[in-house]
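structure-v1.txt, holding compact mmCIF, C-alpha atoms:
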# COMPACT_ATOMS: atom_id res chain seq x y z
CA MET A 1 0.00 0.00 0.00
CA ASN A 2 1.14 3.55 -0.57
CA ILE A 3 0.86 6.37 1.94
CA GLU A 4 -2.67 7.20 0.82
CA GLY A 5 -3.78 3.65 1.54
CA HIS A 6 -4.01 2.62 -2.14
CA LEU A 7 -2.13 -0.14 -3.95
CA ASP A 8 1.44 0.83 -4.92
CA SER A 9 2.71 0.46 -8.47
CA GLY A 10 4.18 -2.99 -7.78
CA LYS A 11 0.84 -4.28 -6.54
CA ILE A 12 -0.94 -2.67 -9.49
CA ASP A 13 1.44 -4.50 -11.85
CA GLN A 14 0.84 -7.79 -10.06
CA ALA A 15 -2.90 -7.32 -10.13
CA ALA A 16 -2.72 -6.44 -13.85
CA ALA A 17 -0.83 -9.69 -14.39
CA GLY A 18 -3.52 -11.56 -12.44
CA LYS A 19 -1.24 -12.20 -9.46
CA THR A 20 -3.10 -10.78 -6.49
CA THR A 21 -2.73 -11.35 -2.78
CA SER A 22 -5.66 -11.59 -0.38
CA GLU A 23 -4.77 -8.14 0.93
CA SER A 24 -4.88 -6.51 -2.52
CA ASP A 25 -8.03 -8.50 -3.42
CA LEU A 26 -9.76 -7.09 -0.38
CA HIS A 27 -8.64 -3.57 -1.23
CA LEU A 28 -9.66 -3.87 -4.89
CA ALA A 29 -13.12 -5.06 -3.91
CA ASP A 30 -13.71 -1.75 -2.09
CA CYS A 31 -11.62 0.76 -4.09
CA ASP A 32 -12.92 2.10 -7.40
CA LEU A 33 -9.74 4.15 -7.91
CA CYS A 34 -7.39 1.14 -7.67
CA ARG A 35 -9.68 -1.03 -9.82
CA ALA A 36 -9.51 1.69 -12.48
CA ARG A 37 -5.72 1.83 -12.15
CA VAL A 38 -5.46 -1.93 -12.58
CA ALA A 39 -7.73 -1.74 -15.64
CA ARG A 40 -5.52 0.98 -17.10
CA ALA A 41 -2.39 -1.06 -16.30
CA VAL A 42 -3.91 -4.04 -18.15
CA LYS A 43 -4.66 -1.81 -21.12
CA ILE A 44 -1.13 -0.38 -21.12
CA GLU A 45 0.42 -3.85 -20.82
CA ARG A 46 -1.67 -5.02 -23.79
CA ALA A 47 -0.67 -1.96 -25.80
CA LEU A 48 3.00 -2.48 -24.93
CA CYS A 49 2.82 -6.08 -26.15
CA ALA A 50 1.26 -4.90 -29.39
CA MET A 51 3.69 -2.02 -29.84
CA SER A 52 5.49 -2.17 -33.17
CA ARG A 53 9.20 -1.86 -33.77
CA VAL A 54 10.84 1.23 -35.18
CA GLU A 55 11.59 -0.06 -38.66
CA PRO A 56 14.92 0.68 -40.35
CA ALA A 57 15.04 2.44 -43.70
CA PRO A 58 14.30 0.02 -46.55
CA GLY A 59 17.43 -1.64 -47.85
CA LEU A 60 19.49 -1.37 -44.66
CA ALA A 61 20.01 -5.14 -44.50
CA SER A 62 21.10 -5.15 -48.17
CA ARG A 63 23.53 -2.30 -47.56
CA ILE A 64 25.01 -4.12 -44.57
CA THR A 65 25.33 -7.29 -46.64
CA ALA A 66 27.07 -5.38 -49.42
CA SER A 67 29.40 -3.70 -46.94
CA LEU A 68 30.38 -7.04 -45.42
CA ASN A 69 30.94 -8.49 -48.89
CA ALA A 70 33.31 -5.61 -49.60
CA ARG A 71 35.13 -6.16 -46.31
CA GLN A 72 35.52 -9.85 -47.00
CA ALA A 73 36.85 -9.19 -50.51
CA GLN A 74 39.31 -6.72 -49.01
CA LEU A 75 40.44 -9.27 -46.43
CA GLN A 76 40.89 -11.95 -49.05
CA ALA A 77 43.04 -9.54 -51.07
CA VAL A 78 45.46 -8.99 -48.19
CA GLU A 79 45.51 -12.53 -46.84
CA PRO A 80 49.07 -13.92 -47.02
CA ARG A 81 49.56 -16.16 -50.01
CA GLN A 82 50.55 -19.77 -49.53
CA PRO A 83 54.29 -20.31 -49.95
CA LYS A 84 55.15 -21.56 -53.40
CA PRO A 85 55.96 -25.28 -53.62
CA TYR A 86 59.61 -24.66 -54.45
CA ALA A 87 60.08 -22.34 -51.47
CA PHE A 88 61.44 -25.04 -49.19
CA ALA A 89 63.96 -26.25 -51.81
CA VAL A 90 65.11 -22.64 -52.28
CA GLY A 91 65.42 -22.22 -48.51
CA ILE A 92 67.51 -25.37 -48.13
CA ALA A 93 69.74 -24.31 -51.05
CA ALA A 94 70.20 -20.86 -49.48
CA ALA A 95 71.13 -22.42 -46.12
CA LEU A 96 73.63 -24.84 -47.71
CA GLY A 97 75.07 -22.02 -49.82
CA THR A 98 75.56 -19.95 -46.66
CA LEU A 99 77.49 -22.83 -45.04
CA VAL A 100 79.70 -23.28 -48.13
CA ALA A 101 80.33 -19.53 -48.30
CA LEU A 102 81.33 -19.44 -44.61
CA ALA A 103 83.70 -22.42 -45.10
CA LEU A 104 85.29 -20.71 -48.12
CA VAL A 105 85.67 -17.41 -46.27
CA TYR A 106 87.38 -19.28 -43.44
CA GLU A 107 89.71 -21.11 -45.85
CA VAL A 108 90.58 -17.93 -47.76
CA GLY A 109 91.26 -16.17 -44.45
CA LEU A 110 93.68 -18.96 -43.41
CA GLU A 111 95.47 -18.80 -46.76
CA LEU A 112 95.78 -15.01 -46.59
CA ALA A 113 97.22 -15.30 -43.09
CA ALA A 114 99.70 -18.04 -44.16
CA SER A 115 100.94 -16.10 -47.20
CA GLY A 116 101.57 -12.95 -45.15
CA ALA A 117 98.97 -11.02 -47.18
CA LEU A 118 97.07 -10.06 -44.03
CA ASN A 119 100.21 -8.63 -42.42
CA PHE A 120 100.93 -6.77 -45.67
CA LEU A 121 97.40 -5.35 -45.72
CA SER A 122 97.71 -4.37 -42.07
CA LEU A 123 100.99 -2.56 -42.74
CA PHE A 124 99.45 -0.82 -45.77
CA LEU A 125 96.59 0.45 -43.64
CA ARG A 126 98.82 1.63 -40.79
CA ARG A 127 101.82 2.99 -42.75
CA PRO A 128 101.05 3.29 -46.47
CA GLU A 129 104.29 5.28 -47.15
CA VAL A 130 106.39 2.20 -46.24
CA VAL A 131 104.48 0.00 -48.70
CA MET A 132 104.81 2.66 -51.41
CA ASN A 133 108.62 2.39 -51.11
CA TYR A 134 108.57 -1.38 -51.72
CA PRO A 135 110.16 -2.44 -55.01
CA GLY A 136 107.66 -3.39 -57.73
CA ASP A 137 108.67 -7.08 -57.90
CA ALA A 138 108.02 -7.44 -54.15
CA LEU A 139 104.46 -6.23 -54.71
CA ALA A 140 104.03 -8.57 -57.68
CA THR A 141 105.19 -11.50 -55.55
CA MET A 142 102.66 -10.56 -52.89
CA VAL A 143 99.84 -10.52 -55.47
CA GLU A 144 100.97 -13.85 -56.87
CA VAL A 145 100.59 -15.61 -53.51
CA LEU A 146 96.99 -14.39 -53.08
CA PRO A 147 94.40 -17.25 -53.32
CA VAL A 148 92.58 -15.49 -56.17
CA PRO A 149 90.51 -18.50 -57.43
CA GLN A 150 89.18 -19.21 -53.92
CA MET A 151 88.39 -15.53 -53.41
CA LEU A 152 86.47 -15.36 -56.69
CA MET A 153 84.62 -18.58 -55.87
CA THR A 154 83.68 -17.21 -52.44
CA LEU A 155 82.38 -14.02 -54.02
CA GLY A 156 80.33 -16.06 -56.52
CA ILE A 157 78.83 -18.24 -53.76
CA VAL A 158 77.91 -15.17 -51.69
CA ILE A 159 76.07 -13.66 -54.68
CA VAL A 160 74.19 -16.95 -55.26
CA VAL A 161 73.22 -17.10 -51.55
CA ILE A 162 71.84 -13.52 -51.68
CA VAL A 163 69.75 -14.33 -54.76
CA LEU A 164 68.42 -17.54 -53.16
CA ALA A 165 67.57 -15.73 -49.91
CA ARG A 166 65.58 -13.09 -51.81
CA SER A 167 63.67 -15.77 -53.72
CA PHE A 168 62.91 -17.55 -50.45
CA GLY A 169 61.62 -14.33 -48.89
CA ALA A 170 59.44 -13.59 -51.93
CA ALA A 171 57.96 -17.09 -51.81
CA PHE A 172 56.79 -16.42 -48.23
CA ASP A 173 55.86 -12.80 -48.87
CA VAL A 174 58.54 -11.75 -46.37
CA VAL A 175 60.21 -9.49 -48.88
CA PRO A 176 57.83 -7.73 -51.28
CA ALA A 177 58.55 -8.77 -54.83
CA ARG A 178 59.67 -5.91 -57.00
CA GLY A 179 56.89 -4.56 -59.19
CA SER A 180 54.25 -6.35 -57.10
CA SER A 181 50.73 -5.24 -58.06
CA ARG A 182 48.92 -6.33 -54.86
CA HIS A 183 46.84 -3.71 -53.20
CA ALA A 184 45.53 -3.69 -49.64
CA MET B 1 29.15 -13.74 -50.97
CA PHE B 2 26.51 -13.03 -48.28
CA VAL B 3 23.46 -13.45 -50.47
CA SER B 4 20.91 -15.77 -48.96
CA ASP B 5 18.70 -18.39 -50.52
CA GLU B 6 15.41 -17.06 -49.08
CA THR B 7 13.37 -20.24 -49.01
CA THR B 8 15.89 -22.52 -47.31
CA SER B 9 17.15 -19.82 -44.95
CA ARG B 10 13.72 -18.96 -43.59
CA GLN B 11 13.24 -22.48 -42.31
CA SER B 12 16.71 -22.77 -40.77
CA THR B 13 17.48 -22.09 -37.14
CA ASP B 14 20.11 -19.53 -36.19
CA GLU B 15 22.47 -22.31 -35.18
CA GLU B 16 22.06 -24.04 -38.54
CA LEU B 17 22.72 -20.80 -40.38
CA VAL B 18 25.87 -20.13 -38.36
CA ARG B 19 27.10 -23.67 -38.93
CA ARG B 20 26.40 -23.38 -42.65
CA TYR B 21 28.26 -20.07 -42.82
CA LEU B 22 31.24 -21.52 -40.95
CA ALA B 23 31.18 -24.45 -43.37
CA GLY B 24 31.63 -21.99 -46.21
CA GLU B 25 28.08 -21.08 -47.28
CA GLN B 26 28.34 -17.29 -47.40
CA GLY B 27 24.62 -16.77 -48.04
CA ALA B 28 23.75 -18.18 -44.62
CA PHE B 29 25.16 -15.06 -42.97
CA GLY B 30 23.09 -12.89 -45.31
CA ALA B 31 20.02 -14.73 -44.05
CA LEU B 32 20.94 -13.85 -40.46
CA ILE B 33 21.37 -10.21 -41.46
CA SER B 34 17.92 -10.15 -43.04
CA ARG B 35 16.41 -11.90 -40.04
CA TYR B 36 17.79 -9.73 -37.25
CA THR B 37 18.57 -6.30 -38.70
CA PRO B 38 15.10 -4.95 -37.76
CA ALA B 39 15.53 -6.14 -34.15
CA VAL B 40 19.02 -4.70 -33.84
CA TYR B 41 18.00 -1.42 -35.42
CA ASN B 42 14.95 -1.13 -33.20
CA LEU B 43 17.00 -1.59 -30.02
CA VAL B 44 19.68 0.82 -31.18
CA TYR B 45 17.18 3.44 -32.29
CA ARG B 46 15.27 3.20 -29.02
CA TYR B 47 18.57 3.86 -27.25
CA THR B 48 20.06 6.59 -29.42
CA GLY B 49 16.98 8.18 -30.95
CA ASP B 50 19.10 9.05 -33.97
CA ARG B 51 18.45 7.34 -37.31
CA PRO B 52 21.84 7.81 -39.04
CA GLU B 53 23.71 6.78 -35.87
CA SER B 54 21.39 3.80 -35.48
CA GLU B 55 22.21 2.63 -38.99
CA ASN B 56 25.94 2.98 -38.32
CA ILE B 57 25.74 1.10 -35.02
CA THR B 58 23.55 -1.60 -36.58
CA GLN B 59 26.10 -2.10 -39.32
CA GLU B 60 28.97 -2.18 -36.81
CA THR B 61 27.05 -4.77 -34.78
CA TRP B 62 27.03 -7.11 -37.78
CA VAL B 63 30.72 -6.52 -38.43
CA ARG B 64 31.49 -7.41 -34.81
CA LEU B 65 29.36 -10.56 -34.98
CA TRP B 66 30.96 -11.57 -38.27
CA GLN B 67 34.41 -11.17 -36.73
CA ALA B 68 33.38 -13.15 -33.65
CA LEU B 69 31.63 -16.00 -35.50
CA PRO B 70 34.59 -18.41 -35.54
CA ARG B 71 34.78 -18.15 -31.72
CA ILE B 72 31.06 -18.16 -31.00
CA GLU B 73 29.43 -20.76 -28.75
CA LEU B 74 26.88 -22.39 -31.02
CA ASP B 75 24.80 -23.93 -28.24
CA ARG B 76 23.80 -20.49 -26.90
CA PRO B 77 21.01 -18.45 -28.49
CA LEU B 78 22.29 -16.01 -31.08
CA LYS B 79 19.72 -13.24 -30.74
CA PRO B 80 20.59 -12.15 -27.17
CA TYR B 81 24.28 -12.30 -28.08
CA LEU B 82 23.73 -10.13 -31.14
CA LEU B 83 21.60 -7.64 -29.20
CA ARG B 84 24.24 -7.55 -26.50
CA ILE B 85 26.84 -6.49 -29.07
CA ALA B 86 24.43 -3.79 -30.25
CA PHE B 87 23.74 -2.58 -26.71
CA ASN B 88 27.45 -2.45 -25.85
CA LEU B 89 28.07 -0.41 -28.99
CA CYS B 90 25.28 1.94 -27.91
CA ARG B 91 26.93 2.38 -24.52
CA SER B 92 30.31 3.04 -26.17
CA TRP B 93 28.61 5.55 -28.44
CA ALA B 94 27.12 7.31 -25.41
CA SER B 95 30.44 7.21 -23.55
CA ARG B 96 32.10 9.04 -26.44
CA GLY B 97 30.06 12.09 -25.54
CA HIS B 98 26.96 11.46 -27.63
CA ALA B 99 23.76 12.00 -25.75
CA PRO B 100 20.98 9.46 -26.08
CA GLN B 101 17.57 11.09 -26.38
CA SER B 102 17.31 12.68 -22.98
CA GLU B 103 14.72 11.90 -20.39
CA LEU B 104 12.28 14.75 -20.11
CA ASP B 105 11.28 16.02 -16.76
CA ILE B 106 8.27 14.02 -15.66
CA ASP B 107 6.34 17.12 -14.61
CA GLU B 108 7.01 18.72 -17.97
CA ALA B 109 5.76 15.63 -19.75
CA GLN B 110 2.72 15.45 -17.54
CA ASP B 111 1.86 19.04 -18.32
CA CYS B 112 1.24 17.98 -21.90
CA LEU B 113 -1.41 15.54 -20.76
CA ALA B 114 -2.74 17.28 -17.69
CA ASP B 115 -5.72 18.89 -19.37
CA GLU B 116 -6.96 15.51 -20.59
CA GLY B 117 -7.84 14.22 -17.13
CA ALA B 118 -6.98 10.98 -15.35
CA ASP B 119 -9.32 8.83 -17.41
CA VAL B 120 -7.50 9.61 -20.64
CA ILE B 121 -6.31 5.99 -20.99
CA GLU B 122 -9.85 4.64 -20.77
CA ARG B 123 -10.98 6.99 -23.53
CA LEU B 124 -8.14 6.15 -25.92
CA THR B 125 -8.49 3.45 -28.52
CA GLU B 126 -5.81 0.74 -28.59
CA ALA B 127 -4.16 2.36 -31.59
CA GLU B 128 -4.16 5.78 -29.95
CA LEU B 129 -2.75 4.32 -26.77
CA ARG B 130 0.05 2.58 -28.70
CA GLU B 131 0.87 5.88 -30.34
CA ARG B 132 0.98 7.63 -26.94
CA LEU B 133 3.15 4.83 -25.59
CA GLN B 134 5.66 5.21 -28.42
CA ALA B 135 5.94 8.89 -27.54
CA ALA B 136 6.10 8.23 -23.80
CA ILE B 137 8.82 5.57 -24.08
CA VAL B 138 11.14 8.18 -25.56
CA LYS B 139 10.89 10.00 -22.25
CA LEU B 140 12.22 7.06 -20.26
CA SER B 141 15.92 6.73 -19.48
CA PRO B 142 17.91 4.74 -22.09
CA ILE B 143 18.29 1.68 -19.89
CA TYR B 144 14.54 1.49 -19.21
CA ARG B 145 13.90 1.92 -22.93
CA ALA B 146 16.28 -0.94 -23.69
CA VAL B 147 14.64 -3.24 -21.16
CA MET B 148 11.12 -2.39 -22.39
CA THR B 149 12.17 -2.86 -26.01
CA LEU B 150 13.71 -6.26 -25.37
CA ARG B 151 10.69 -7.37 -23.36
CA PHE B 152 7.83 -6.07 -25.47
CA ASN B 153 9.26 -5.81 -29.00
CA GLU B 154 11.68 -8.71 -28.99
CA ASP B 155 9.76 -10.91 -26.57
CA LEU B 156 12.91 -11.92 -24.69
CA SER B 157 12.60 -13.67 -21.34
CA TYR B 158 13.85 -11.92 -18.21
CA GLU B 159 16.89 -14.22 -18.25
CA GLU B 160 17.65 -13.32 -21.87
CA ILE B 161 17.29 -9.61 -21.11
CA ALA B 162 19.67 -10.00 -18.16
CA GLN B 163 22.12 -11.78 -20.43
CA THR B 164 21.76 -9.20 -23.19
CA LEU B 165 22.18 -6.16 -20.98
CA ASP B 166 24.67 -7.83 -18.66
CA MET B 167 22.70 -7.06 -15.54
CA PRO B 168 21.32 -9.14 -12.66
CA LEU B 169 17.89 -10.68 -13.11
CA ASN B 170 16.44 -8.64 -10.25
CA THR B 171 17.64 -5.43 -11.88
CA VAL B 172 15.77 -6.42 -15.03
CA ARG B 173 12.61 -6.95 -12.99
CA THR B 174 13.10 -3.63 -11.23
CA CYS B 175 13.72 -1.78 -14.51
CA LEU B 176 10.58 -3.27 -16.04
CA ARG B 177 8.47 -2.44 -13.00
CA ARG B 178 9.79 1.10 -12.74
CA GLY B 179 9.61 1.61 -16.50
CA LYS B 180 5.96 0.60 -16.56
CA ALA B 181 5.19 2.71 -13.49
CA ARG B 182 6.82 5.70 -15.14
CA LEU B 183 4.88 5.10 -18.35
CA ARG B 184 1.65 5.03 -16.35
CA GLN B 185 2.76 8.20 -14.61
CA LEU B 186 3.31 9.84 -17.98
CA LEU B 187 0.06 8.59 -19.46
CA GLU B 188 -2.30 9.03 -16.55
CA PRO B 189 -1.76 12.35 -14.81
CA GLU B 190 -3.47 12.38 -11.43
Rewritten as structure tokens:
Amino acid sequence: MNIEGHLDSGKIDQAAAGKTTSESDLHLADCDLCRARVARAVKIERALCAMSRVEPAPGLASRITASLNARQAQLQAVEPRQPKPYAFAVGIAAALGTLVALALVYEVGLELAASGALNFLSLFLRRPEVVMNYPGDALATMVEVLPVPQMLMTLGIVIVVIVLARSFGAAFDVVPARGSSRHA
Amino acid sequence: MFVSDETTSRQSTDEELVRRYLAGEQGAFGALISRYTPAVYNLVYRYTGDRPESENITQETWVRLWQALPRIELDRPLKPYLLRIAFNLCRSWASRGHAPQSELDIDEAQDCLADEGADVIERLTEAELRERLQAAIVKLSPIYRAVMTLRFNEDLSYEEIAQTLDMPLNTVRTCLRRGKARLRQLLEPE
């Protein structure tokens, strides 16, 4: 009951839903005002149940569908491509090439050290005027002892390894291929 | 693409449509969009009161659902989940400084009806009363509007409303009771 001795809004709702207590039944039997309020609550409840939705503008669902289609197409365009079948062979070749190149660099380094070329280079860097005063045949002898074939082979292997590594990267989309026409 | 085969989609349950979409049938998602866009829009519009914003939020709701589909729990009903996304987006929209249609002062609203007397509801036809209700609901606070919309337009159970709005069951009951009391207050000046 409210302070005026009538049913409160909770009791009115319950009575409108047909859930009354003996206390509210007794009150309703004697109170025209509360009976009218319950009748109005029933009418409002019925109207609420029959209340229609606010409809969206025609074509909203189609526009949403089209927008999602566009998003999906965009996603498919930027999805990473599958690595090409030869990618693993290229990767293995690049790894082996790297090992061979390292072995050759090591061997060339040992030969340069054994022939005294490294000491000569060190002297040239520290005191170039001394090297400039060397007789010409001494310089020619120094060049003759250089392991030129191994050095050239090492250089060749390093170039091959770089090319293989780039191909491997392109196959996995790690390195963008030059002239690629993919757009996000 | 998300274009649905109308006849087969209408008979399918939400769960079937989601499964079909996840299995690669793009049109199944289009069927869900057609099925629930009016419900999502209605909830969003009742909250924001702004048609362009409601369209944007409705669209964003579908994007969010689409992104979440691979992780969704298929044994739970889709509609409350979808409406929950929509409601959360509405709250984010409001938290970014947008104002949902504001609650009018009750006295001010009552003034509009005061000269019609307390028996105005009895005199109104059902259609007139529905029209008055539509206008009165706008004057409720956004959360009451959401609860009333889910209950009376979408026919969700109290449990589903609680799940959708992420609130305790008792709060749903209280919101409904207070919402209805406030509607009566607006419609039947004493």
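The residue that comes closest to chain A, out of B:Gln163, B:Thr61, B:Asn42, B:Asn170 and on the basis of only C-alpha atoms, is B:Asn42.
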What's the 12 Å shell around Leu139 of chain A, counting only C-alpha atoms, without same-chain residues fewer than 5 positions away, as a PyMOL selection string? chain A and resi 117+120-121+124+131-134+144-146
Show me which bits of chain A are within 6 Å of chain B, counting all atoms listed in the file, as a count of residues only. 8
Find the residues around segment 13-27 of chain A up to 10 Å (all atoms listed in the file counted), leave out those fewer than 4 positions away in its own chain, and share them as a PyMOL selection string. (chain A and resi 1+5-9+31-32+34-35+37-45) or (chain B and resi 177+180-181)
Ala94 of chain B environment, 12 Å, all atoms listed in the file, sequence neighbours closer than 2 positions dropped, as a ChimeraX atom specification: /B:44,47-50,53,57,87-92,96-102,142-143
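Remark: for Ala28 of chain B, the closest of the candidate residues B:Pro80, B:Ile161, B:Pro168, B:Ser12 is B:Ser12 (distances computed over all atoms listed in the file).
Closest approach to Met142 of chain A among A:Leu112, A:Ser122, A:Arg166, A:Gly156: A:Leu112, based on all atoms listed in the file.
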Kindly write segment 25-76 of chain A with C-alpha atoms to a file, as a PDB file, in the first residue's frame.
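Output saved as decode.pdb:
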ATOM      1  CA  ASP A  25      -8.030  -8.500  -3.422  1.00  0.00           C
ATOM      2  CA  LEU A  26      -9.761  -7.087  -0.379  1.00  0.00           C
ATOM      3  CA  HIS A  27      -8.640  -3.569  -1.227  1.00  0.00           C
ATOM      4  CA  LEU A  28      -9.663  -3.874  -4.891  1.00  0.00           C
ATOM      5  CA  ALA A  29     -13.118  -5.061  -3.906  1.00  0.00           C
ATOM      6  CA  ASP A  30     -13.714  -1.753  -2.090  1.00  0.00           C
ATOM      7  CA  CYS A  31     -11.622   0.760  -4.091  1.00  0.00           C
ATOM      8  CA  ASP A  32     -12.919   2.095  -7.402  1.00  0.00           C
ATOM      9  CA  LEU A  33      -9.740   4.145  -7.909  1.00  0.00           C
ATOM     10  CA  CYS A  34      -7.389   1.144  -7.667  1.00  0.00           C
ATOM     11  CA  ARG A  35      -9.681  -1.026  -9.818  1.00  0.00           C
ATOM     12  CA  ALA A  36      -9.508   1.686 -12.477  1.00  0.00           C
ATOM     13  CA  ARG A  37      -5.719   1.832 -12.147  1.00  0.00           C
ATOM     14  CA  VAL A  38      -5.465  -1.925 -12.582  1.00  0.00           C
ATOM     15  CA  ALA A  39      -7.731  -1.740 -15.638  1.00  0.00           C
ATOM     16  CA  ARG A  40      -5.517   0.981 -17.103  1.00  0.00           C
ATOM     17  CA  ALA A  41      -2.387  -1.061 -16.301  1.00  0.00           C
ATOM     18  CA  VAL A  42      -3.907  -4.037 -18.150  1.00  0.00           C
ATOM     19  CA  LYS A  43      -4.658  -1.812 -21.123  1.00  0.00           C
ATOM     20  CA  ILE A  44      -1.134  -0.382 -21.123  1.00  0.00           C
ATOM     21  CA  GLU A  45       0.420  -3.846 -20.822  1.00  0.00           C
ATOM     22  CA  ARG A  46      -1.666  -5.024 -23.789  1.00  0.00           C
ATOM     23  CA  ALA A  47      -0.668  -1.965 -25.798  1.00  0.00           C
ATOM     24  CA  LEU A  48       3.002  -2.483 -24.930  1.00  0.00           C
ATOM     25  CA  CYS A  49       2.820  -6.076 -26.148  1.00  0.00           C
ATOM     26  CA  ALA A  50       1.256  -4.899 -29.393  1.00  0.00           C
ATOM     27  CA  MET A  51       3.687  -2.016 -29.844  1.00  0.00           C
ATOM     28  CA  SER A  52       5.490  -2.172 -33.171  1.00  0.00           C
ATOM     29  CA  ARG A  53       9.200  -1.857 -33.774  1.00  0.00           C
ATOM     30  CA  VAL A  54      10.836   1.229 -35.175  1.00  0.00           C
ATOM     31  CA  GLU A  55      11.592  -0.061 -38.660  1.00  0.00           C
ATOM     32  CA  PRO A  56      14.921   0.675 -40.349  1.00  0.00           C
ATOM     33  CA  ALA A  57      15.042   2.440 -43.695  1.00  0.00           C
ATOM     34  CA  PRO A  58      14.299   0.020 -46.550  1.00  0.00           C
ATOM     35  CA  GLY A  59      17.431  -1.644 -47.852  1.00  0.00           C
ATOM     36  CA  LEU A  60      19.494  -1.365 -44.664  1.00  0.00           C
ATOM     37  CA  ALA A  61      20.010  -5.140 -44.502  1.00  0.00           C
ATOM     38  CA  SER A  62      21.100  -5.153 -48.166  1.00  0.00           C
ATOM     39  CA  ARG A  63      23.527  -2.304 -47.556  1.00  0.00           C
ATOM     40  CA  ILE A  64      25.010  -4.118 -44.566  1.00  0.00           C
ATOM     41  CA  THR A  65      25.325  -7.294 -46.637  1.00  0.00           C
ATOM     42  CA  ALA A  66      27.067  -5.377 -49.417  1.00  0.00           C
ATOM     43  CA  SER A  67      29.396  -3.702 -46.937  1.00  0.00           C
ATOM     44  CA  LEU A  68      30.383  -7.045 -45.415  1.00  0.00           C
ATOM     45  CA  ASN A  69      30.943  -8.485 -48.886  1.00  0.00           C
ATOM     46  CA  ALA A  70      33.313  -5.610 -49.596  1.00  0.00           C
ATOM     47  CA  ARG A  71      35.131  -6.164 -46.309  1.00  0.00           C
ATOM     48  CA  GLN A  72      35.521  -9.845 -47.004  1.00  0.00           C
ATOM     49  CA  ALA A  73      36.847  -9.188 -50.506  1.00  0.00           C
ATOM     50  CA  GLN A  74      39.312  -6.722 -49.014  1.00  0.00           C
ATOM     51  CA  LEU A  75      40.444  -9.266 -46.429  1.00  0.00           C
ATOM     52  CA  GLN A  76      40.894 -11.954 -49.054  1.00  0.00           C
TER      53      GLN A  76
END
